[in-house]
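The structure appears right after this line, and notes come after that.
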Amino acid sequence: MTQAIPATLIPGDGIGPEIVDATLAALDALGAPFEWDRQVAGLAGVQVAGDPLPAETLASIRRTRLALKGPLETPSGGGYRSSNVRLREEFKLYANLRPARTLIPGGRFDKIDLVVVRENLEGLYIGHEHFVQIDDDPHAVAMATGINPRAGSRRLLEFAFQHAVATGRKKVTIVHKANIMKALTGIFLETGLELYERKYKGQFVLDTVIIDACAMKLVLNPWQFDMLVTTNLFGDILSDLVAGLVGGLGMTPGANIGTDAAIFEAVHGSAPDIAGKGIANPIALMLATAMMLDHCRLPDLALRLRNGINDALNVDNVRTGDLGGKASTSEFTKALVSRIANS
Ligand code: NAI
């Protein structure tokens with residue numbers, strides 16, 4: 001019998017609890033050995049504990065060093081700071097790994113198999129922002145500061161290059177804007193080129209591309225890329241673009257890996273427009289759970305989960321609305337659970 005693995009579970013906001021329930025049903029069918037400690041964060045944290053990131057939630061992750069997280073709502077403009085960003089900072093989750101693979105063949109972009117590795121802690125996301133008042137306009141000028149230390153860039157690039165070697169990726173492309181933001185993104189490019197020459201040359205092909213050209217190339221011919229590695233803001237935008245190539249946000253998982261913990265989640269948000277309707281696609285969170293199983297060295301369970309998803313989608317043809325189907329979250333989950341039970 002596999003030893004129990006303590007892990008923190010944050011159901012999250014909006015569609016979070018619905019897709020978390022679906023994912024737990026799949027894990028039950030697999031007999032996955034997670035021992036969950038349920039905690040709240042985001043809007044649920046504010047409602048239940050008066051804090052978007054309660055101390056008990058942080059203490060739980062500090063203890064388990066492993067978490068599965070539903071999406072957390074963040075107010076735009078004013079309000080509290082993103083609990084996601086705070087979790088990344090708290091546990092130094094410096095690498096964000098976002099694989100995107102075509103699961104339903106025959107679409108506009110077939111046979112996509114791409115990984116985006118995003119720097120998760122630095123750049124323009126550090127939240128050093130302020131307004132400058134002019135005359136009677138308190139928001140007359142907005143200012144933001146980005147920071148990219150060489151050590152942070154090197155740590156992330158090292159993670160990406162090691163992952164490329166470990167998973168047999170043939171080509172890694174560094175995405176930057178060093179022609180305009182010569183210091184902020186130039187340091188990332190320079191560090192990547194130096195690290196490749198010194199340690200990784202010959203193990204895969206290294207290429208570089210400017211972010212705007214990259215966005216165009218991804219739409220014209222995404223198959224020319226294998227792994228993209230980039231700074232925080234560019235990675236955030238590109239991973240959503242890449243999600244669109246494989247059927248939308250409902251299909252793309254993310255792993256936040258750091259020195260102190262690993263937190264697994266869907267790339268999408270809380271989808272307030274469809275929350276409570278029972279129609280959300282749970283696949284992104286389920287694929288994040290497959291990454292979590294791989295991370296816990298349970299690749300057989302991860303494979304059964306991925307195969308079950310594939311069969312439910314393509315053999316049983318059970319698909320939620322975002323994938324052009326009519327199935328509810330629970331109908332998809334039922335098909336998946338029965339596939340897993342027979343695998
Ligand atoms: P969103 O990803 O929640 O929704 C964008 C669109 O995609 C919506 O039309 C939604 O219905 C659809 N969608 C998303 N996930 C889906 C799924 N699993 N199945 C079917 N359709 C799905 O992005 P939005 O609306 O910009 O953000 C909503 C909230 O989520 C905000 O408060 C935002 O801050 C938060 N958010 C949280 C994230 C996280 O916790 N990691 C990531 C992104 C946003």
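Naming works like this for the structure tokens: A, B, ... for the chains as they're shown, residue 1 at the start of each chain, ligands 1 onward in shown order.
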
Nearby residues (only C-alpha atoms) at most 8 Å from region 16-27 of chain A, same-chain spacing under 2 positions excluded, as a list in words: Pro11, Gly12, Asp13, Gly14, Ala29, Leu30, Gly31, Ala32, Gly70, Pro71, Leu72, Ser270, Gly276, Gly278, Ala280, Asn281, Pro282, Leu285, Met286, Thr289, Leu305, Thr329, Ser330, Thr333, Leu336, Val337 and Ile340 of chain A

Would you save the residues of that selection, restricted to N, CA, C and O atoms, as an mmCIF file, in the first residue's frame?
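The new file selection-v2.cif reads:
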data_model
loop_
_atom_site.group_PDB
_atom_site.id
_atom_site.type_symbol
_atom_site.label_atom_id
_atom_site.label_comp_id
_atom_site.auth_asym_id
_atom_site.auth_seq_id
_atom_site.Cartn_x
_atom_site.Cartn_y
_atom_site.Cartn_z
ATOM 1 N N PRO A 11 -10.306 24.680 -2.245
ATOM 2 C CA PRO A 11 -11.327 24.590 -3.306
ATOM 3 C C PRO A 11 -11.454 25.867 -4.132
ATOM 4 O O PRO A 11 -11.768 25.811 -5.322
ATOM 5 N N GLY A 12 -11.220 27.041 -3.509
ATOM 6 C CA GLY A 12 -11.215 28.291 -4.270
ATOM 7 C C GLY A 12 -12.594 28.882 -4.489
ATOM 8 O O GLY A 12 -13.577 28.479 -3.862
ATOM 9 N N ASP A 13 -12.660 29.827 -5.424
ATOM 10 C CA ASP A 13 -13.882 30.616 -5.646
ATOM 11 C C ASP A 13 -14.557 30.232 -6.960
ATOM 12 O O ASP A 13 -13.981 29.532 -7.794
ATOM 13 N N GLY A 14 -15.773 30.756 -7.149
ATOM 14 C CA GLY A 14 -16.492 30.570 -8.413
ATOM 15 C C GLY A 14 -16.684 29.095 -8.727
ATOM 16 O O GLY A 14 -17.237 28.338 -7.922
ATOM 17 N N ALA A 29 -11.337 7.335 -7.508
ATOM 18 C CA ALA A 29 -11.387 6.182 -8.416
ATOM 19 C C ALA A 29 -9.991 5.614 -8.651
ATOM 20 O O ALA A 29 -9.815 4.408 -8.814
ATOM 21 N N LEU A 30 -8.994 6.502 -8.647
ATOM 22 C CA LEU A 30 -7.608 6.058 -8.852
ATOM 23 C C LEU A 30 -7.013 5.431 -7.591
ATOM 24 O O LEU A 30 -5.993 4.751 -7.658
ATOM 25 N N GLY A 31 -7.635 5.736 -6.438
ATOM 26 C CA GLY A 31 -7.042 5.313 -5.166
ATOM 27 C C GLY A 31 -5.786 6.105 -4.851
ATOM 28 O O GLY A 31 -4.843 5.577 -4.246
ATOM 29 N N ALA A 32 -5.759 7.376 -5.259
ATOM 30 C CA ALA A 32 -4.572 8.213 -5.006
ATOM 31 C C ALA A 32 -4.418 8.449 -3.502
ATOM 32 O O ALA A 32 -5.403 8.671 -2.805
ATOM 33 N N GLY A 70 -7.948 25.448 -6.286
ATOM 34 C CA GLY A 70 -8.911 25.964 -7.244
ATOM 35 C C GLY A 70 -8.621 27.431 -7.508
ATOM 36 O O GLY A 70 -7.805 28.035 -6.809
ATOM 37 N N PRO A 71 -9.269 28.037 -8.499
ATOM 38 C CA PRO A 71 -9.006 29.445 -8.810
ATOM 39 C C PRO A 71 -9.457 30.379 -7.696
ATOM 40 O O PRO A 71 -10.461 30.111 -7.023
ATOM 41 N N LEU A 72 -8.720 31.453 -7.504
ATOM 42 C CA LEU A 72 -9.029 32.427 -6.450
ATOM 43 C C LEU A 72 -9.388 33.764 -7.091
ATOM 44 O O LEU A 72 -8.675 34.233 -7.977
ATOM 45 N N SER A 270 -11.741 31.952 -11.848
ATOM 46 C CA SER A 270 -12.919 31.427 -11.141
ATOM 47 C C SER A 270 -14.180 31.418 -12.000
ATOM 48 O O SER A 270 -15.232 30.974 -11.541
ATOM 49 N N GLY A 276 -21.613 27.849 -10.417
ATOM 50 C CA GLY A 276 -22.860 27.343 -9.841
ATOM 51 C C GLY A 276 -23.800 26.716 -10.855
ATOM 52 O O GLY A 276 -24.852 26.187 -10.498
ATOM 53 N N GLY A 278 -22.971 24.203 -12.902
ATOM 54 C CA GLY A 278 -22.662 22.784 -13.109
ATOM 55 C C GLY A 278 -22.187 22.462 -14.522
ATOM 56 O O GLY A 278 -22.285 21.322 -14.974
ATOM 57 N N ALA A 280 -18.998 23.748 -15.772
ATOM 58 C CA ALA A 280 -17.557 24.025 -15.930
ATOM 59 C C ALA A 280 -16.806 22.774 -16.380
ATOM 60 O O ALA A 280 -17.158 21.652 -16.010
ATOM 61 N N ASN A 281 -15.773 23.001 -17.157
ATOM 62 C CA ASN A 281 -14.906 21.915 -17.603
ATOM 63 C C ASN A 281 -13.842 21.667 -16.520
ATOM 64 O O ASN A 281 -13.037 22.541 -16.239
ATOM 65 N N PRO A 282 -13.815 20.482 -15.923
ATOM 66 C CA PRO A 282 -12.858 20.233 -14.832
ATOM 67 C C PRO A 282 -11.486 19.744 -15.312
ATOM 68 O O PRO A 282 -10.616 19.448 -14.498
ATOM 69 N N LEU A 285 -7.979 21.379 -14.141
ATOM 70 C CA LEU A 285 -7.582 21.057 -12.758
ATOM 71 C C LEU A 285 -7.191 19.578 -12.645
ATOM 72 O O LEU A 285 -6.267 19.219 -11.914
ATOM 73 N N MET A 286 -7.881 18.730 -13.391
ATOM 74 C CA MET A 286 -7.530 17.303 -13.365
ATOM 75 C C MET A 286 -6.130 17.079 -13.948
ATOM 76 O O MET A 286 -5.357 16.264 -13.430
ATOM 77 N N THR A 289 -3.666 17.971 -11.496
ATOM 78 C CA THR A 289 -3.535 16.884 -10.524
ATOM 79 C C THR A 289 -2.637 15.778 -11.079
ATOM 80 O O THR A 289 -1.874 15.155 -10.321
ATOM 81 N N LEU A 305 -4.920 8.639 -15.148
ATOM 82 C CA LEU A 305 -5.800 9.813 -15.143
ATOM 83 C C LEU A 305 -5.828 10.463 -16.538
ATOM 84 O O LEU A 305 -6.900 10.760 -17.088
ATOM 85 N N THR A 329 -20.645 19.119 -15.844
ATOM 86 C CA THR A 329 -19.413 18.731 -15.134
ATOM 87 C C THR A 329 -19.571 17.314 -14.586
ATOM 88 O O THR A 329 -18.675 16.482 -14.706
ATOM 89 N N SER A 330 -20.748 17.019 -14.001
ATOM 90 C CA SER A 330 -20.909 15.712 -13.364
ATOM 91 C C SER A 330 -21.033 14.592 -14.403
ATOM 92 O O SER A 330 -20.579 13.475 -14.160
ATOM 93 N N THR A 333 -17.532 13.842 -15.385
ATOM 94 C CA THR A 333 -16.841 13.171 -14.274
ATOM 95 C C THR A 333 -17.260 11.709 -14.185
ATOM 96 O O THR A 333 -16.433 10.821 -13.962
ATOM 97 N N LEU A 336 -15.517 9.749 -16.823
ATOM 98 C CA LEU A 336 -14.095 9.594 -16.481
ATOM 99 C C LEU A 336 -13.907 8.544 -15.384
ATOM 100 O O LEU A 336 -13.039 7.662 -15.491
ATOM 101 N N VAL A 337 -14.720 8.642 -14.347
ATOM 102 C CA VAL A 337 -14.595 7.704 -13.217
ATOM 103 C C VAL A 337 -14.792 6.274 -13.717
ATOM 104 O O VAL A 337 -14.061 5.356 -13.335
ATOM 105 N N ILE A 340 -11.670 5.219 -15.509
ATOM 106 C CA ILE A 340 -10.566 4.936 -14.568
ATOM 107 C C ILE A 340 -10.803 3.591 -13.882
ATOM 108 O O ILE A 340 -9.888 2.778 -13.752
#

Expected selection as a short mmCIF file (atom, residue, chain, number, x, y, z; two decimals) with all heavy atoms, in the first residue's frame for ligand 1 within 7 Å, only C-alpha atoms and all ligand atoms:
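Generated file (part.cif):
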data_model
loop_
_atom_site.label_atom_id
_atom_site.label_comp_id
_atom_site.auth_asym_id
_atom_site.auth_seq_id
_atom_site.Cartn_x
_atom_site.Cartn_y
_atom_site.Cartn_z
N GLY A 70 -7.95 25.45 -6.29
CA GLY A 70 -8.91 25.96 -7.24
C GLY A 70 -8.62 27.43 -7.51
O GLY A 70 -7.81 28.04 -6.81
N PRO A 71 -9.27 28.04 -8.50
CA PRO A 71 -9.01 29.45 -8.81
C PRO A 71 -9.46 30.38 -7.70
O PRO A 71 -10.46 30.11 -7.02
CB PRO A 71 -9.83 29.69 -10.08
CG PRO A 71 -10.83 28.59 -10.12
CD PRO A 71 -10.25 27.44 -9.41
N LEU A 72 -8.72 31.45 -7.50
CA LEU A 72 -9.03 32.43 -6.45
C LEU A 72 -9.39 33.76 -7.09
O LEU A 72 -8.68 34.23 -7.98
CB LEU A 72 -7.82 32.61 -5.53
CG LEU A 72 -7.27 31.33 -4.88
CD1 LEU A 72 -6.05 31.66 -4.04
CD2 LEU A 72 -8.34 30.65 -4.03
N GLU A 73 -10.48 34.35 -6.62
CA GLU A 73 -10.92 35.61 -7.20
C GLU A 73 -10.05 36.76 -6.68
O GLU A 73 -9.72 36.82 -5.51
CB GLU A 73 -12.38 35.84 -6.79
CG GLU A 73 -13.18 36.49 -7.90
CD GLU A 73 -14.66 36.34 -7.65
OE1 GLU A 73 -15.14 35.18 -7.63
OE2 GLU A 73 -15.32 37.36 -7.49
N THR A 74 -9.69 37.65 -7.59
CA THR A 74 -8.96 38.87 -7.21
C THR A 74 -9.71 40.07 -7.76
O THR A 74 -9.95 40.12 -8.97
CB THR A 74 -7.54 38.87 -7.83
OG1 THR A 74 -6.91 37.64 -7.55
CG2 THR A 74 -6.71 40.01 -7.26
N PRO A 75 -10.07 41.05 -6.92
CA PRO A 75 -10.74 42.22 -7.46
C PRO A 75 -9.81 43.01 -8.39
O PRO A 75 -8.61 43.10 -8.10
CB PRO A 75 -11.11 43.03 -6.21
CG PRO A 75 -10.27 42.49 -5.11
CD PRO A 75 -9.86 41.12 -5.47
N SER A 76 -10.33 43.54 -9.49
CA SER A 76 -9.51 44.35 -10.39
C SER A 76 -9.44 45.78 -9.88
O SER A 76 -10.37 46.26 -9.22
CB SER A 76 -10.10 44.36 -11.79
OG SER A 76 -9.93 43.11 -12.39
N ASN A 84 -2.94 34.59 -5.16
CA ASN A 84 -2.06 33.74 -5.97
C ASN A 84 -0.64 34.29 -5.96
O ASN A 84 0.33 33.56 -5.77
CB ASN A 84 -2.56 33.69 -7.41
CG ASN A 84 -3.88 32.95 -7.50
OD1 ASN A 84 -4.03 31.88 -6.94
ND2 ASN A 84 -4.84 33.55 -8.18
N LEU A 249 -9.13 27.65 -22.04
CA LEU A 249 -8.59 27.61 -20.69
C LEU A 249 -8.99 26.36 -19.92
O LEU A 249 -8.33 25.97 -18.96
CB LEU A 249 -9.06 28.85 -19.92
CG LEU A 249 -8.40 30.17 -20.34
CD1 LEU A 249 -9.12 31.34 -19.69
CD2 LEU A 249 -6.93 30.17 -19.95
N GLY A 250 -10.08 25.73 -20.34
CA GLY A 250 -10.55 24.54 -19.64
C GLY A 250 -9.62 23.35 -19.82
O GLY A 250 -9.82 22.29 -19.20
N GLU A 265 -2.50 23.92 -10.05
CA GLU A 265 -3.78 24.61 -10.29
C GLU A 265 -4.11 24.60 -11.78
O GLU A 265 -3.27 24.24 -12.60
CB GLU A 265 -3.68 26.06 -9.80
CG GLU A 265 -2.63 26.86 -10.56
CD GLU A 265 -2.50 28.31 -10.09
OE1 GLU A 265 -3.36 28.77 -9.34
OE2 GLU A 265 -1.52 28.95 -10.49
N ALA A 266 -5.34 24.99 -12.10
CA ALA A 266 -5.70 25.23 -13.49
C ALA A 266 -5.17 26.60 -13.88
O ALA A 266 -5.00 27.46 -13.03
CB ALA A 266 -7.21 25.18 -13.65
N VAL A 267 -4.93 26.82 -15.18
CA VAL A 267 -4.48 28.15 -15.61
C VAL A 267 -5.64 29.16 -15.53
O VAL A 267 -5.44 30.34 -15.27
CB VAL A 267 -3.89 28.07 -17.06
CG1 VAL A 267 -3.67 29.46 -17.64
CG2 VAL A 267 -2.58 27.29 -17.05
N HIS A 268 -6.86 28.67 -15.70
CA HIS A 268 -8.01 29.60 -15.76
C HIS A 268 -8.37 30.17 -14.39
O HIS A 268 -7.88 29.71 -13.35
CB HIS A 268 -9.22 28.91 -16.39
CG HIS A 268 -9.73 27.73 -15.62
ND1 HIS A 268 -10.38 27.84 -14.43
CD2 HIS A 268 -9.65 26.39 -15.87
CE1 HIS A 268 -10.72 26.63 -13.99
NE2 HIS A 268 -10.27 25.73 -14.84
N GLY A 269 -9.27 31.15 -14.40
CA GLY A 269 -9.72 31.78 -13.18
C GLY A 269 -11.03 31.18 -12.67
O GLY A 269 -11.40 30.05 -13.05
N SER A 270 -11.74 31.95 -11.85
CA SER A 270 -12.92 31.43 -11.14
C SER A 270 -14.18 31.42 -12.00
O SER A 270 -15.23 30.97 -11.54
CB SER A 270 -13.15 32.25 -9.88
OG SER A 270 -13.34 33.61 -10.23
N ALA A 271 -14.07 31.91 -13.24
CA ALA A 271 -15.19 31.89 -14.21
C ALA A 271 -16.53 32.26 -13.56
O ALA A 271 -17.47 31.46 -13.58
CB ALA A 271 -15.27 30.51 -14.88
N PRO A 272 -16.64 33.47 -13.00
CA PRO A 272 -17.88 33.83 -12.29
C PRO A 272 -19.11 33.76 -13.19
O PRO A 272 -20.22 33.54 -12.69
CB PRO A 272 -17.61 35.27 -11.81
CG PRO A 272 -16.37 35.73 -12.50
CD PRO A 272 -15.63 34.54 -12.96
N ASP A 273 -18.90 33.92 -14.51
CA ASP A 273 -20.06 33.90 -15.44
C ASP A 273 -20.75 32.54 -15.50
O ASP A 273 -21.92 32.45 -15.85
CB ASP A 273 -19.63 34.37 -16.85
CG ASP A 273 -18.42 33.62 -17.39
OD1 ASP A 273 -17.61 33.12 -16.59
OD2 ASP A 273 -18.27 33.55 -18.63
N ILE A 274 -20.04 31.46 -15.15
CA ILE A 274 -20.69 30.14 -15.22
C ILE A 274 -20.71 29.42 -13.86
O ILE A 274 -21.13 28.27 -13.77
CB ILE A 274 -20.02 29.22 -16.28
CG1 ILE A 274 -18.53 29.01 -15.97
CG2 ILE A 274 -20.21 29.77 -17.69
CD1 ILE A 274 -17.92 27.85 -16.75
N ILE A 279 -21.65 23.48 -15.24
CA ILE A 279 -21.24 23.23 -16.63
C ILE A 279 -19.74 23.44 -16.85
O ILE A 279 -19.25 23.32 -17.97
CB ILE A 279 -22.02 24.15 -17.62
CG1 ILE A 279 -21.83 25.63 -17.24
CG2 ILE A 279 -23.51 23.80 -17.62
CD1 ILE A 279 -22.37 26.60 -18.30
N ALA A 280 -19.00 23.75 -15.77
CA ALA A 280 -17.56 24.03 -15.93
C ALA A 280 -16.81 22.77 -16.38
O ALA A 280 -17.16 21.65 -16.01
CB ALA A 280 -16.99 24.52 -14.61
N ASN A 281 -15.77 23.00 -17.16
CA ASN A 281 -14.91 21.91 -17.60
C ASN A 281 -13.84 21.67 -16.52
O ASN A 281 -13.04 22.54 -16.24
CB ASN A 281 -14.25 22.35 -18.92
CG ASN A 281 -13.32 21.30 -19.48
OD1 ASN A 281 -13.10 20.28 -18.84
ND2 ASN A 281 -12.80 21.55 -20.66
N PRO A 282 -13.81 20.48 -15.92
CA PRO A 282 -12.86 20.23 -14.83
C PRO A 282 -11.49 19.74 -15.31
O PRO A 282 -10.62 19.45 -14.50
CB PRO A 282 -13.56 19.13 -14.03
CG PRO A 282 -14.33 18.36 -15.05
CD PRO A 282 -14.72 19.33 -16.15
N ALA A 284 -8.78 21.01 -16.82
CA ALA A 284 -7.53 21.72 -16.51
C ALA A 284 -7.06 21.38 -15.09
O ALA A 284 -5.88 21.09 -14.87
CB ALA A 284 -7.72 23.22 -16.66
N ASP A 322 -17.76 24.27 -23.32
CA ASP A 322 -16.62 25.02 -23.86
C ASP A 322 -15.89 24.22 -24.94
O ASP A 322 -15.14 24.78 -25.73
CB ASP A 322 -15.65 25.39 -22.72
CG ASP A 322 -15.18 24.17 -21.96
OD1 ASP A 322 -16.01 23.35 -21.56
OD2 ASP A 322 -13.95 24.02 -21.78
#

task: Please report, as JSON, numbers by chain, each residue of region 145-237 of chain A to which DSSP assigns alpha helix (DSSP H) when run on this structure's backbone.
output: {"A": [150, 151, 152, 153, 154, 155, 156, 157, 158, 159, 160, 161, 162, 163, 164, 165, 166, 186, 187, 188, 189, 190, 191, 192, 193, 194, 195, 211, 212, 213, 214, 215, 216, 217, 218, 219, 220, 232, 233, 234, 235, 236, 237]}

What would the file look like if the residues just selected were written as a compact mmCIF listing (two decimals), in the first residue's frame with C-alpha atoms?
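Generated output (again.txt):
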# COMPACT_ATOMS: atom_id res chain seq x y z
CA ARG A 150 20.27 37.81 -12.54
CA ALA A 151 20.11 35.12 -9.84
CA GLY A 152 16.31 34.84 -10.23
CA SER A 153 16.56 34.62 -14.02
CA ARG A 154 19.31 32.01 -13.76
CA ARG A 155 17.33 29.88 -11.27
CA LEU A 156 14.29 29.85 -13.55
CA LEU A 157 16.29 29.22 -16.73
CA GLU A 158 18.15 26.40 -15.00
CA PHE A 159 14.79 24.84 -14.01
CA ALA A 160 13.51 25.16 -17.60
CA PHE A 161 16.66 23.73 -19.19
CA GLN A 162 16.74 20.81 -16.74
CA HIS A 163 13.08 20.12 -17.41
CA ALA A 164 13.73 20.22 -21.16
CA VAL A 165 16.50 17.63 -20.82
CA ALA A 166 14.52 15.43 -18.40
CA GLY A 186 17.82 41.90 -21.65
CA ILE A 187 19.23 40.40 -18.46
CA PHE A 188 16.97 37.33 -18.86
CA LEU A 189 18.09 36.81 -22.46
CA GLU A 190 21.76 37.34 -21.67
CA THR A 191 21.62 34.95 -18.67
CA GLY A 192 19.87 32.27 -20.74
CA LEU A 193 22.40 32.45 -23.57
CA GLU A 194 25.30 32.32 -21.11
CA LEU A 195 23.84 29.36 -19.17
CA ILE A 211 7.54 38.53 -27.61
CA ASP A 212 5.45 40.29 -30.30
CA ALA A 213 6.88 38.14 -33.09
CA CYS A 214 6.38 35.09 -30.87
CA ALA A 215 2.66 35.85 -30.50
CA MET A 216 2.28 36.02 -34.29
CA LYS A 217 4.35 32.88 -34.91
CA LEU A 218 2.35 30.93 -32.33
CA VAL A 219 -0.82 31.63 -34.29
CA LEU A 220 0.68 31.08 -37.75
CA ASN A 232 6.59 36.82 -15.66
CA LEU A 233 4.20 39.09 -17.62
CA PHE A 234 5.05 37.66 -21.05
CA GLY A 235 4.63 34.14 -19.67
CA ASP A 236 1.23 34.99 -18.25
CA ILE A 237 -0.02 36.28 -21.59

Write out as a compact mmCIF listing (two decimals) with N, CA and C atoms, in the first residue's frame which residues come within 6 Å of Asn148 (chain A) when counting only C-alpha atoms, dropping same-chain ones fewer than 5 positions away.
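This is the output file part30.txt:
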# COMPACT_ATOMS: atom_id res chain seq x y z
N GLU A 122 9.25 37.62 -10.30
CA GLU A 122 9.91 38.92 -10.48
C GLU A 122 9.21 39.76 -11.55
N GLY A 123 10.00 40.55 -12.24
CA GLY A 123 9.50 41.35 -13.36
C GLY A 123 8.53 42.43 -12.94
N LEU A 184 15.55 45.25 -18.32
CA LEU A 184 14.62 44.35 -17.61
C LEU A 184 14.50 42.98 -18.27

field: DSSP strand (DSSP E or B) selection over region 7-230 of chain A, as an MDAnalysis selection string
entry: chainID A and resid 7:10 34:38 66:69 95:101 113:119 123:134 137:147 171:176 201 204:210 227:230
